[in-house]
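S.K.: Dropping in coords.pdb, which is PDB, C-alpha atoms:
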```pdb
ATOM      1  CA  ASN D   1     102.609  94.226 139.382  1.00  0.00           C
ATOM      2  CA  ALA D   2     104.001  96.305 136.524  1.00  0.00           C
ATOM      3  CA  ALA D   3     107.657  95.676 137.367  1.00  0.00           C
ATOM      4  CA  ARG D   4     107.099  91.917 137.617  1.00  0.00           C
ATOM      5  CA  LEU D   5     105.245  91.936 134.287  1.00  0.00           C
ATOM      6  CA  ALA D   6     108.067  93.899 132.621  1.00  0.00           C
ATOM      7  CA  LEU D   7     110.733  91.511 133.886  1.00  0.00           C
ATOM      8  CA  SER D   8     108.636  88.475 133.002  1.00  0.00           C
ATOM      9  CA  ALA D   9     108.183  89.779 129.461  1.00  0.00           C
ATOM     10  CA  LEU D  10     111.917  90.430 129.197  1.00  0.00           C
ATOM     11  CA  ARG D  11     112.737  86.882 130.324  1.00  0.00           C
ATOM     12  CA  GLN D  12     110.293  85.525 127.773  1.00  0.00           C
ATOM     13  CA  GLY D  13     111.799  87.695 125.060  1.00  0.00           C
ATOM     14  CA  LEU D  14     115.417  86.832 125.802  1.00  0.00           C
ATOM     15  CA  ARG D  15     114.672  83.153 125.196  1.00  0.00           C
ATOM     16  CA  SER D  16     113.219  83.866 121.741  1.00  0.00           C
ATOM     17  CA  LYS D  17     115.102  84.239 118.461  1.00  0.00           C
ATOM     18  CA  ALA D  18     112.317  86.523 117.231  1.00  0.00           C
ATOM     19  CA  PHE D  19     113.057  88.951 120.067  1.00  0.00           C
ATOM     20  CA  TRP D  20     116.732  89.191 119.131  1.00  0.00           C
ATOM     21  CA  LEU D  21     115.899  89.698 115.452  1.00  0.00           C
ATOM     22  CA  LEU D  22     113.326  92.396 116.213  1.00  0.00           C
ATOM     23  CA  ALA D  23     115.582  94.100 118.762  1.00  0.00           C
ATOM     24  CA  GLY D  24     118.566  93.905 116.399  1.00  0.00           C
ATOM     25  CA  GLY D  25     116.545  95.420 113.566  1.00  0.00           C
ATOM     26  CA  PHE D  26     115.239  98.160 115.832  1.00  0.00           C
ATOM     27  CA  LEU D  27     118.748  98.864 117.101  1.00  0.00           C
ATOM     28  CA  ILE D  28     119.754  99.508 113.476  1.00  0.00           C
ATOM     29  CA  CYS D  29     116.580 101.548 113.003  1.00  0.00           C
ATOM     30  CA  GLY D  30     117.626 103.830 115.851  1.00  0.00           C
ATOM     31  CA  MET D  31     121.139 104.084 114.460  1.00  0.00           C
ATOM     32  CA  SER D  32     119.954 105.106 110.993  1.00  0.00           C
ATOM     33  CA  THR D  33     117.316 107.611 112.108  1.00  0.00           C
ATOM     34  CA  ASN D  34     117.706 109.352 115.483  1.00  0.00           C
ATOM     35  CA  GLY D  35     121.387 108.594 115.908  1.00  0.00           C
ATOM     36  CA  LEU D  36     122.601 109.416 112.415  1.00  0.00           C
ATOM     37  CA  VAL D  37     120.210 111.498 110.317  1.00  0.00           C
ATOM     38  CA  ASN D  38     118.518 113.374 113.150  1.00  0.00           C
ATOM     39  CA  THR D  39     121.841 114.204 114.809  1.00  0.00           C
ATOM     40  CA  HIS D  40     124.253 114.613 111.912  1.00  0.00           C
ATOM     41  CA  PHE D  41     122.234 115.663 108.856  1.00  0.00           C
ATOM     42  CA  ILE D  42     122.600 119.400 109.516  1.00  0.00           C
ATOM     43  CA  PRO D  43     126.377 119.273 110.209  1.00  0.00           C
ATOM     44  CA  ALA D  44     126.865 117.090 107.122  1.00  0.00           C
ATOM     45  CA  ALA D  45     124.940 119.560 104.980  1.00  0.00           C
ATOM     46  CA  HIS D  46     127.002 122.392 106.461  1.00  0.00           C
ATOM     47  CA  ASP D  47     130.159 120.518 105.407  1.00  0.00           C
ATOM     48  CA  HIS D  48     128.908 120.940 101.837  1.00  0.00           C
ATOM     49  CA  HIS D  49     128.294 124.688 102.367  1.00  0.00           C
ATOM     50  CA  MET D  50     124.539 124.415 102.698  1.00  0.00           C
ATOM     51  CA  PRO D  51     123.182 127.033 105.126  1.00  0.00           C
ATOM     52  CA  GLU D  52     122.200 125.488 108.452  1.00  0.00           C
ATOM     53  CA  THR D  53     118.710 126.979 108.273  1.00  0.00           C
ATOM     54  CA  THR D  54     118.143 125.325 104.886  1.00  0.00           C
ATOM     55  CA  ALA D  55     119.322 121.961 106.221  1.00  0.00           C
ATOM     56  CA  ALA D  56     117.072 122.366 109.266  1.00  0.00           C
ATOM     57  CA  GLY D  57     114.148 123.032 106.931  1.00  0.00           C
ATOM     58  CA  LEU D  58     114.895 119.793 105.079  1.00  0.00           C
ATOM     59  CA  LEU D  59     115.005 117.904 108.381  1.00  0.00           C
ATOM     60  CA  ALA D  60     111.641 119.422 109.330  1.00  0.00           C
ATOM     61  CA  LEU D  61     110.248 118.288 105.982  1.00  0.00           C
ATOM     62  CA  ILE D  62     111.401 114.753 106.779  1.00  0.00           C
ATOM     63  CA  GLY D  63     109.342 115.036 109.976  1.00  0.00           C
ATOM     64  CA  ILE D  64     106.237 116.095 108.068  1.00  0.00           C
ATOM     65  CA  PHE D  65     106.425 113.155 105.675  1.00  0.00           C
ATOM     66  CA  ASP D  66     107.149 110.900 108.627  1.00  0.00           C
ATOM     67  CA  ILE D  67     103.556 111.404 109.801  1.00  0.00           C
ATOM     68  CA  VAL D  68     102.188 110.296 106.428  1.00  0.00           C
ATOM     69  CA  GLY D  69     104.547 107.321 106.292  1.00  0.00           C
ATOM     70  CA  THR D  70     103.674 106.106 109.771  1.00  0.00           C
ATOM     71  CA  VAL D  71      99.928 106.243 109.178  1.00  0.00           C
ATOM     72  CA  GLY D  72     100.348 104.531 105.812  1.00  0.00           C
ATOM     73  CA  SER D  73     102.521 101.852 107.363  1.00  0.00           C
ATOM     74  CA  GLY D  74      99.869 101.157 109.990  1.00  0.00           C
ATOM     75  CA  TRP D  75      97.304 100.711 107.217  1.00  0.00           C
ATOM     76  CA  LEU D  76      99.633  98.369 105.315  1.00  0.00           C
ATOM     77  CA  THR D  77     100.491  96.348 108.429  1.00  0.00           C
ATOM     78  CA  ASP D  78      96.834  95.311 108.689  1.00  0.00           C
ATOM     79  CA  ARG D  79      96.975  93.948 105.136  1.00  0.00           C
ATOM     80  CA  VAL D  80     100.528  92.752 104.369  1.00  0.00           C
ATOM     81  CA  ASP D  81     102.953  90.357 106.068  1.00  0.00           C
ATOM     82  CA  ALA D  82     104.746  92.532 108.643  1.00  0.00           C
ATOM     83  CA  ARG D  83     108.063  90.734 108.062  1.00  0.00           C
ATOM     84  CA  LYS D  84     107.989  91.660 104.372  1.00  0.00           C
ATOM     85  CA  LEU D  85     107.121  95.261 105.205  1.00  0.00           C
ATOM     86  CA  LEU D  86     110.072  95.521 107.600  1.00  0.00           C
ATOM     87  CA  ALA D  87     112.403  94.003 105.021  1.00  0.00           C
ATOM     88  CA  TRP D  88     111.281  96.524 102.414  1.00  0.00           C
ATOM     89  CA  TYR D  89     111.505  99.463 104.804  1.00  0.00           C
ATOM     90  CA  TYR D  90     115.008  98.612 105.988  1.00  0.00           C
ATOM     91  CA  GLY D  91     116.222  97.664 102.525  1.00  0.00           C
ATOM     92  CA  LEU D  92     114.990 100.852 100.864  1.00  0.00           C
ATOM     93  CA  ARG D  93     116.343 102.931 103.742  1.00  0.00           C
ATOM     94  CA  GLY D  94     119.747 101.335 103.253  1.00  0.00           C
ATOM     95  CA  LEU D  95     119.753 102.094  99.526  1.00  0.00           C
ATOM     96  CA  SER D  96     118.762 105.714 100.147  1.00  0.00           C
ATOM     97  CA  LEU D  97     121.620 106.142 102.657  1.00  0.00           C
ATOM     98  CA  LEU D  98     124.069 104.754 100.098  1.00  0.00           C
ATOM     99  CA  ALA D  99     123.036 107.540  97.735  1.00  0.00           C
ATOM    100  CA  LEU D 100     122.920 110.347 100.311  1.00  0.00           C
ATOM    101  CA  PRO D 101     126.598 111.479 100.220  1.00  0.00           C
ATOM    102  CA  ALA D 102     126.244 112.325  96.521  1.00  0.00           C
ATOM    103  CA  LEU D 103     123.098 114.408  97.127  1.00  0.00           C
ATOM    104  CA  PHE D 104     124.582 117.060  99.399  1.00  0.00           C
ATOM    105  CA  GLY D 105     125.427 120.423  97.914  1.00  0.00           C
ATOM    106  CA  ALA D 106     125.476 124.115  98.661  1.00  0.00           C
ATOM    107  CA  SER D 107     121.868 124.408  97.494  1.00  0.00           C
ATOM    108  CA  VAL D 108     118.864 122.091  97.524  1.00  0.00           C
ATOM    109  CA  ARG D 109     118.692 120.024  94.365  1.00  0.00           C
ATOM    110  CA  PRO D 110     115.675 117.963  93.236  1.00  0.00           C
ATOM    111  CA  SER D 111     117.503 114.730  94.090  1.00  0.00           C
ATOM    112  CA  MET D 112     117.850 115.856  97.711  1.00  0.00           C
ATOM    113  CA  LEU D 113     114.135 116.643  97.863  1.00  0.00           C
ATOM    114  CA  VAL D 114     113.387 113.138  96.604  1.00  0.00           C
ATOM    115  CA  PHE D 115     115.569 111.740  99.404  1.00  0.00           C
ATOM    116  CA  VAL D 116     113.855 113.931 102.010  1.00  0.00           C
ATOM    117  CA  VAL D 117     110.362 112.827 100.961  1.00  0.00           C
ATOM    118  CA  PHE D 118     111.324 109.165 100.725  1.00  0.00           C
ATOM    119  CA  TYR D 119     113.278 109.108 103.985  1.00  0.00           C
ATOM    120  CA  GLY D 120     110.475 110.900 105.768  1.00  0.00           C
ATOM    121  CA  LEU D 121     107.948 108.307 104.601  1.00  0.00           C
ATOM    122  CA  ASP D 122     110.262 105.543 105.840  1.00  0.00           C
ATOM    123  CA  TRP D 123     111.363 107.137 109.145  1.00  0.00           C
ATOM    124  CA  VAL D 124     108.900 105.617 111.653  1.00  0.00           C
ATOM    125  CA  ALA D 125     107.244 103.239 109.197  1.00  0.00           C
ATOM    126  CA  THR D 126     109.075 100.393 110.947  1.00  0.00           C
ATOM    127  CA  VAL D 127     107.097 100.823 114.173  1.00  0.00           C
ATOM    128  CA  PRO D 128     103.669  99.392 113.183  1.00  0.00           C
ATOM    129  CA  PRO D 129     105.015  96.105 111.745  1.00  0.00           C
ATOM    130  CA  THR D 130     107.435  95.725 114.672  1.00  0.00           C
ATOM    131  CA  VAL D 131     104.609  96.165 117.185  1.00  0.00           C
ATOM    132  CA  ALA D 132     102.416  93.763 115.204  1.00  0.00           C
ATOM    133  CA  LEU D 133     105.131  91.092 115.157  1.00  0.00           C
ATOM    134  CA  ALA D 134     105.835  91.503 118.869  1.00  0.00           C
ATOM    135  CA  ARG D 135     102.144  90.991 119.660  1.00  0.00           C
ATOM    136  CA  GLU D 136     101.907  88.062 117.259  1.00  0.00           C
ATOM    137  CA  VAL D 137     104.952  86.259 118.676  1.00  0.00           C
ATOM    138  CA  PHE D 138     104.552  87.088 122.383  1.00  0.00           C
ATOM    139  CA  GLY D 139     100.804  87.481 122.717  1.00  0.00           C
ATOM    140  CA  PRO D 140      98.529  90.466 123.380  1.00  0.00           C
ATOM    141  CA  VAL D 141      99.632  90.938 127.012  1.00  0.00           C
ATOM    142  CA  HIS D 142     103.379  90.343 126.882  1.00  0.00           C
ATOM    143  CA  GLY D 143     103.732  91.535 123.277  1.00  0.00           C
ATOM    144  CA  THR D 144     103.305  95.210 124.051  1.00  0.00           C
ATOM    145  CA  VAL D 145     105.643  94.979 127.032  1.00  0.00           C
ATOM    146  CA  VAL D 146     108.228  93.094 124.974  1.00  0.00           C
ATOM    147  CA  PHE D 147     107.980  95.880 122.405  1.00  0.00           C
ATOM    148  CA  GLY D 148     108.993  98.297 125.163  1.00  0.00           C
ATOM    149  CA  TRP D 149     112.217  96.325 125.591  1.00  0.00           C
ATOM    150  CA  ILE D 150     112.689  96.194 121.817  1.00  0.00           C
ATOM    151  CA  PHE D 151     112.294  99.972 121.739  1.00  0.00           C
ATOM    152  CA  ALA D 152     115.062 100.276 124.327  1.00  0.00           C
ATOM    153  CA  SER D 153     117.414  98.776 121.731  1.00  0.00           C
ATOM    154  CA  HIS D 154     116.326 101.550 119.347  1.00  0.00           C
ATOM    155  CA  GLN D 155     117.531 104.174 121.815  1.00  0.00           C
ATOM    156  CA  LEU D 156     120.764 102.299 122.417  1.00  0.00           C
ATOM    157  CA  GLY D 157     121.407 102.176 118.678  1.00  0.00           C
ATOM    158  CA  ALA D 158     120.727 105.894 118.376  1.00  0.00           C
ATOM    159  CA  ALA D 159     123.257 106.683 121.114  1.00  0.00           C
ATOM    160  CA  VAL D 160     125.938 104.494 119.526  1.00  0.00           C
ATOM    161  CA  ALA D 161     125.430 105.948 116.040  1.00  0.00           C
ATOM    162  CA  ALA D 162     125.455 109.530 117.292  1.00  0.00           C
ATOM    163  CA  ALA D 163     128.856 108.944 118.893  1.00  0.00           C
ATOM    164  CA  VAL D 164     130.406 106.794 116.154  1.00  0.00           C
ATOM    165  CA  ALA D 165     129.339 109.096 113.321  1.00  0.00           C
ATOM    166  CA  GLY D 166     130.961 112.027 115.129  1.00  0.00           C
ATOM    167  CA  ILE D 167     134.172 110.039 115.565  1.00  0.00           C
ATOM    168  CA  LEU D 168     134.197 109.059 111.876  1.00  0.00           C
ATOM    169  CA  ARG D 169     133.642 112.692 110.859  1.00  0.00           C
ATOM    170  CA  THR D 170     136.566 113.759 113.043  1.00  0.00           C
ATOM    171  CA  GLU D 171     138.895 111.012 111.791  1.00  0.00           C
ATOM    172  CA  PHE D 172     138.077 111.082 108.055  1.00  0.00           C
ATOM    173  CA  GLY D 173     136.857 114.648 107.558  1.00  0.00           C
ATOM    174  CA  SER D 174     133.451 113.625 106.206  1.00  0.00           C
ATOM    175  CA  TYR D 175     130.356 111.631 107.090  1.00  0.00           C
ATOM    176  CA  THR D 176     130.528 109.338 104.059  1.00  0.00           C
ATOM    177  CA  MET D 177     131.701 106.304 106.038  1.00  0.00           C
ATOM    178  CA  ALA D 178     128.880 106.843 108.531  1.00  0.00           C
ATOM    179  CA  TRP D 179     126.205 106.989 105.817  1.00  0.00           C
ATOM    180  CA  TRP D 180     127.564 103.920 104.053  1.00  0.00           C
ATOM    181  CA  GLY D 181     128.016 101.977 107.276  1.00  0.00           C
ATOM    182  CA  ALA D 182     124.415 102.646 108.273  1.00  0.00           C
ATOM    183  CA  ALA D 183     123.289 101.640 104.783  1.00  0.00           C
ATOM    184  CA  VAL D 184     124.978  98.244 105.076  1.00  0.00           C
ATOM    185  CA  LEU D 185     123.480  97.720 108.532  1.00  0.00           C
ATOM    186  CA  CYS D 186     120.010  98.516 107.170  1.00  0.00           C
ATOM    187  CA  LEU D 187     120.442  95.829 104.532  1.00  0.00           C
ATOM    188  CA  PHE D 188     121.352  93.393 107.328  1.00  0.00           C
ATOM    189  CA  ALA D 189     118.197  94.474 109.183  1.00  0.00           C
ATOM    190  CA  ALA D 190     116.148  93.674 106.082  1.00  0.00           C
ATOM    191  CA  GLY D 191     117.507  90.138 106.086  1.00  0.00           C
ATOM    192  CA  MET D 192     116.966  89.783 109.835  1.00  0.00           C
ATOM    193  CA  SER D 193     113.330  90.778 109.423  1.00  0.00           C
ATOM    194  CA  MET D 194     112.686  87.953 106.986  1.00  0.00           C
ATOM    195  CA  GLY D 195     114.260  85.526 109.463  1.00  0.00           C
ATOM    196  CA  ILE D 196     111.503  86.070 112.041  1.00  0.00           C
ATOM    197  CA  ARG D 197     109.327  82.966 112.401  1.00  0.00           C
ATOM    198  CA  ARG D 198     105.699  83.423 113.261  1.00  0.00           C
TER     199      ARG D 198
END
```
Show me the file's structure as structure tokens.
M.R.:
Amino acid sequence: NAARLALSALRQGLRSKAFWLLAGGFLICGMSTNGLVNTHFIPAAHDHHMPETTAAGLLALIGIFDIVGTVGSGWLTDRVDARKLLAWYYGLRGLSLLALPALFGASVRPSMLVFVVFYGLDWVATVPPTVALAREVFGPVHGTVVFGWIFASHQLGAAVAAAVAGILRTEFGSYTMAWWGAAVLCLFAAGMSMGIRR
């Protein structure tokens, strides 16, 4: 019974510290990608007088490099400790978000292109090691189902970040606090990833 299996996997996950660390990291992943960059990158660029079509092109470029990054991350996950990969991915994402407010301008500068390529490579790179850890901790049957629940936290994080970033933009007149807040959370996610016990 699929519903019984899903609930059984959730019960198993809720009793595990690894589940909370993976779900917490993925919540931050959703906040820093879909919720923040995917939703607010174009309006933030427009705040700096960049044409919306140019900003949309940069966001599309992130999507192109995302494909390369995800495939590469899958290859690495078969060869490197998944916890270390997650820590690197979240840590580097956090550092790139710290720098992002200074990269916006009316035109596309080389530094922004570097961010776009790097962020694209990192966008979904967190998925393969997260899936691998879920299967390793919870087994081949429950692991994939537990990952489904972990992914739900990703969507929750995206929803929260989309709303909070908009509120911060309204209150402070810029997205800087949103970028920096997400950066700090990503650094927390890096530490959480290293706390997962096999």
S.K.: For the provided coordinates, the residues matched by the PyMOL selection byres ((chain D and resi 62-68) around 10) should be stated as a list in words.
M.R.: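 On the file shown, the PyMOL selection byres ((chain D and resi 62-68) around 10) covers Asn38, Ala56, Gly57, Leu58, Leu59, Ala60, Leu61, Gly69, Thr70, Val71, Gly72, Ser73, Leu113, Phe115, Val116, Val117, Phe118, Tyr119, Gly120, Leu121, Asp122, Trp123, Val124 and Ala125 of chain D.
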S.K.: Counting all atoms listed in the file, which of D:Met50, D:Ala44, D:Ala159, D:Val145 gets nearest to D:Ser174?
M.R.: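 Closest candidate: D:Ala44.
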S.K.: Produce a table with one row for each residue of stretch 48-143 of chain D that has an atom at most 10 Å from any atom of stretch 11-14 of chain D, each row naming the nearest atom pair and its distance in Å at one decimal; use only C-alpha atoms; arrange rows by chain and rising residue number; format as a Markdown table.
M.R.:
```
| residue | atom | partner | partner_atom | distance |
| --- | --- | --- | --- | --- |
| D:Ala134 | CA | D:Gly13 | CA | 9.4 |
| D:Val137 | CA | D:Gly13 | CA | 9.5 |
| D:Phe138 | CA | D:Gly13 | CA | 7.7 |
| D:His142 | CA | D:Gln12 | CA | 8.5 |
| D:Gly143 | CA | D:Gly13 | CA | 9.1 |
```
S.K.: In Å, rounded to a single decimal, give me how far atom CA of D:Val160 is from atom CA of D:Ala9.
M.R.: 25.1 Å
S.K.: Find, counting only C-alpha atoms, the residue in D:Ala102, D:Ala82, D:Ala3, D:Leu76 that gets nearest to D:Glu136.
M.R.: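 Result for the nearest residue to D:Glu136: D:Ala82.
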S.K.: Using the chain letters and numbers from this file, what does the PyMOL selection byres ((chain D and resi 45) around 12) select? Give the answer as a ChimeraX atom specification.
M.R.: /D:37,39-44,46-59,100-108,112,174-176
S.K.: Take atom CA of D:Thr33 and atom CA of D:Glu171 and report the distance between them in Å, one decimal.
M.R.: 21.8 Å
S.K.: List as JSON, numbers by chain the protein and nucleic acid residues near D:Phe147, meaning an atom at most 9 Å away when all atoms listed in the file are counted, but skip any in the same chain fewer than 4 places from it.
M.R.: {"D": [19, 22, 23, 130, 131, 134, 135, 142, 143, 151, 152]}
S.K.: Record the distance separating atom CA of D:Arg83 and atom CA of D:Ala182, expressed in Å with one decimal.
M.R.: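 Separation between atom CA of D:Arg83 and atom CA of D:Ala182: 20.2 Å.
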S.K.: Counting only C-alpha atoms, figure out which residue out of D:Leu133, D:Thr170, D:Gly181, D:Arg109 gets nearest to D:Asp78.
M.R.: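 Using only C-alpha atoms, the shortest distance to D:Asp78 belongs to D:Leu133.
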